[in-house]
Amino acid sequence: MDATRRISNLALIGFMGTGKSSVGRLVADQLRFTFLDTDDVLVSRAGKPITEIFAQEGEAAFRQKECALVQELALRTRTVIATGGGLPVNPANLASLKTHALVMCLWASPEKIWERVRGQNHRPLLNDPDALAKLRALLEAREPFYRQADVLVNTEMRSLREVAHQVIHQYRLATSAHR
């Protein structure tokens, strides 16, 4: 990490089902930060669920809205940001987050993710006849972007509280090194 970097936020990236929103809320509560889920903000602004945004406007339009939101986040402080799973695939998004946030990737195996998300119908990227195969392919394609995070945290065999504790520990280490 760059010694001149201003870390005033914490950004959680990673694939769907790795716990970004759940862990993010716990971390925000414990650090007394604001919690912001980029997907929730985009849904609120559009007035419709992500599945409808994808169906009516396409994934490219959704990603443009996501990129504009990421630029706004640079103005925030003391915020835990849970990102959508595809957000870090755009290098500009990751670069922007790294200007103001410690970027942590929550990680799990495709099988564990599938176990967590298979009953959910609000995940447009899983609307596929072989959703597990699609999940594996997407995770493999996104892995190089996820690995650019400052810290990787495996969520596979940990409770939400254990993951939150690890995230807070890593955040405090990073921010104490930059004082």
# chains A, B, ... in the order shown; residues from 1 in each chain; ligands from 1
>>> closest_atom_pairs(of="range 21-136 of chain A", to="range 140-160 of chain A", cutoff="7 Å", atoms="only C-alpha atoms", output="CSV")
residue,atom,partner,partner_atom,distance
A:Val23,CA,A:Leu160,CA,5.8
A:Pro88,CA,A:Phe145,CA,6.1
A:Val89,CA,A:Phe145,CA,5.7
A:Leu102,CA,A:Asp150,CA,6.5
A:Val103,CA,A:Ala149,CA,5.2
A:Met104,CA,A:Val151,CA,4.8
A:Cys105,CA,A:Leu152,CA,4.8
A:Leu106,CA,A:Val153,CA,4.9
A:Trp107,CA,A:Asn154,CA,4.6
A:Ala108,CA,A:Glu156,CA,5.0
A:Ser109,CA,A:Glu156,CA,7.0
A:Lys112,CA,A:Glu156,CA,6.7
A:Arg136,CA,A:Glu140,CA,6.1
>>> residues_around(residues="Val27 in chain A", least_positions_apart="3", cutoff="12 Å", atoms="only C-alpha atoms", output="PDB file with C-alpha atoms, in the first residue's frame")
ATOM      1  CA  ASN A   9     -13.367   4.192   4.421  1.00  0.00           C
ATOM      2  CA  LEU A  10     -13.494   0.425   4.156  1.00  0.00           C
ATOM      3  CA  ALA A  11     -14.640  -1.213   0.909  1.00  0.00           C
ATOM      4  CA  LEU A  12     -15.694  -4.844   0.757  1.00  0.00           C
ATOM      5  CA  GLY A  19     -21.009 -11.943   3.008  1.00  0.00           C
ATOM      6  CA  LYS A  20     -20.191  -8.379   1.949  1.00  0.00           C
ATOM      7  CA  SER A  21     -23.505  -6.876   3.056  1.00  0.00           C
ATOM      8  CA  SER A  22     -23.932  -8.935   6.227  1.00  0.00           C
ATOM      9  CA  VAL A  23     -20.324  -8.509   7.336  1.00  0.00           C
ATOM     10  CA  GLY A  24     -20.351  -4.862   6.267  1.00  0.00           C
ATOM     11  CA  GLN A  30     -18.691  -1.912  15.559  1.00  0.00           C
ATOM     12  CA  LEU A  31     -16.600   0.900  14.028  1.00  0.00           C
ATOM     13  CA  ARG A  32     -19.518   3.363  14.295  1.00  0.00           C
ATOM     14  CA  PHE A  33     -19.294   3.990  10.549  1.00  0.00           C
ATOM     15  CA  THR A  34     -22.104   4.470   8.052  1.00  0.00           C
ATOM     16  CA  PHE A  35     -22.965   1.372   6.021  1.00  0.00           C
ATOM     17  CA  LEU A  36     -23.577   1.711   2.278  1.00  0.00           C
ATOM     18  CA  ARG A  78     -16.157   6.719   7.902  1.00  0.00           C
ATOM     19  CA  THR A  79     -18.190   4.487   5.592  1.00  0.00           C
ATOM     20  CA  VAL A  80     -18.191   0.729   5.125  1.00  0.00           C
ATOM     21  CA  ILE A  81     -18.969   0.167   1.449  1.00  0.00           C
ATOM     22  CA  ALA A  82     -20.304  -3.214   0.318  1.00  0.00           C
ATOM     23  CA  LEU A 160     -20.191 -13.635  10.040  1.00  0.00           C
ATOM     24  CA  ARG A 161     -18.885 -12.398  13.406  1.00  0.00           C
ATOM     25  CA  GLU A 162     -15.496 -14.052  12.865  1.00  0.00           C
ATOM     26  CA  VAL A 163     -15.193 -12.497   9.415  1.00  0.00           C
ATOM     27  CA  ALA A 164     -16.245  -9.084  10.788  1.00  0.00           C
ATOM     28  CA  HIS A 165     -13.615  -9.389  13.529  1.00  0.00           C
ATOM     29  CA  GLN A 166     -10.920 -10.181  10.936  1.00  0.00           C
ATOM     30  CA  VAL A 167     -12.018  -7.266   8.725  1.00  0.00           C
ATOM     31  CA  ILE A 168     -11.895  -4.829  11.657  1.00  0.00           C
ATOM     32  CA  HIS A 169      -8.489  -6.149  12.715  1.00  0.00           C
ATOM     33  CA  GLN A 170      -7.086  -5.652   9.196  1.00  0.00           C
ATOM     34  CA  TYR A 171      -8.638  -2.177   8.940  1.00  0.00           C
ATOM     35  CA  ARG A 172      -7.107  -1.092  12.249  1.00  0.00           C
TER      36      ARG A 172
END
>>> residues_around(residues="range 41-50 of chain A", least_positions_apart="3", cutoff="12 Å", atoms="only C-alpha atoms", output="ChimeraX atom specification")
/A:35-38,53-59,61-70,72-73,81-84,121-125
>>> write_last_selection(atoms="C-alpha atoms", output="short mmCIF file (atom, residue, chain, number, x, y, z; two decimals), in the first residue's frame")
data_model
loop_
_atom_site.label_atom_id
_atom_site.label_comp_id
_atom_site.auth_asym_id
_atom_site.auth_seq_id
_atom_site.Cartn_x
_atom_site.Cartn_y
_atom_site.Cartn_z
CA PHE A 35 -22.97 1.37 6.02
CA LEU A 36 -23.58 1.71 2.28
CA ASP A 37 -24.40 -1.12 -0.13
CA THR A 38 -23.81 0.01 -3.72
CA ILE A 53 -32.44 -2.84 -14.55
CA PHE A 54 -30.57 -5.70 -16.26
CA ALA A 55 -33.68 -6.81 -18.21
CA GLN A 56 -34.81 -3.34 -19.31
CA GLU A 57 -31.53 -1.42 -19.69
CA GLY A 58 -28.89 -4.14 -19.92
CA GLU A 59 -25.82 -4.94 -17.85
CA ALA A 61 -26.17 0.53 -18.37
CA PHE A 62 -26.12 -0.91 -14.86
CA ARG A 63 -22.30 -0.89 -14.85
CA GLN A 64 -22.29 2.78 -15.97
CA LYS A 65 -24.56 3.72 -13.06
CA GLU A 66 -22.30 1.71 -10.75
CA CYS A 67 -19.19 3.55 -12.00
CA ALA A 68 -20.82 6.96 -11.45
CA LEU A 69 -21.73 5.94 -7.89
CA VAL A 70 -18.16 4.77 -7.18
CA GLU A 72 -19.28 9.80 -5.61
CA LEU A 73 -17.98 7.52 -2.84
CA ILE A 81 -18.97 0.17 1.45
CA ALA A 82 -20.30 -3.21 0.32
CA THR A 83 -19.92 -3.38 -3.45
CA GLY A 84 -21.76 -5.38 -6.05
CA ASN A 121 -34.11 -15.02 -7.02
CA HIS A 122 -32.77 -11.45 -6.92
CA ARG A 123 -29.44 -12.43 -8.52
CA PRO A 124 -29.79 -11.74 -12.27
CA LEU A 125 -26.48 -13.34 -13.16
#
>>> select_by_dssp(residues="range 27-76 of chain A", states="strand (DSSP E or B)", output="PDB file with C-alpha atoms, in the first residue's frame")
ATOM      1  CA  THR A  34     -22.104   4.470   8.052  1.00  0.00           C
ATOM      2  CA  PHE A  35     -22.965   1.372   6.021  1.00  0.00           C
ATOM      3  CA  LEU A  36     -23.577   1.711   2.278  1.00  0.00           C
ATOM      4  CA  ASP A  37     -24.403  -1.121  -0.130  1.00  0.00           C
TER       5      ASP A  37
END
>>> select_by_dssp(residues="range 65-166 of chain A", states="alpha helix (DSSP H)", output="PyMOL selection string")
chain A and resi 65-73+91-97+110-117+131-146+160-166
>>> atom_distance(atom1="CA of Arg25 in chain A", atom2="CA of Ser8 in chain A")
16.8 Å
>>> atom_distance(atom1="CA of Glu111 in chain A", atom2="CA of Ile13 in chain A")
18.6 Å
>>> atom_distance(atom1="CA of Thr175 in chain A", atom2="CA of Asn93 in chain A")
21.3 Å
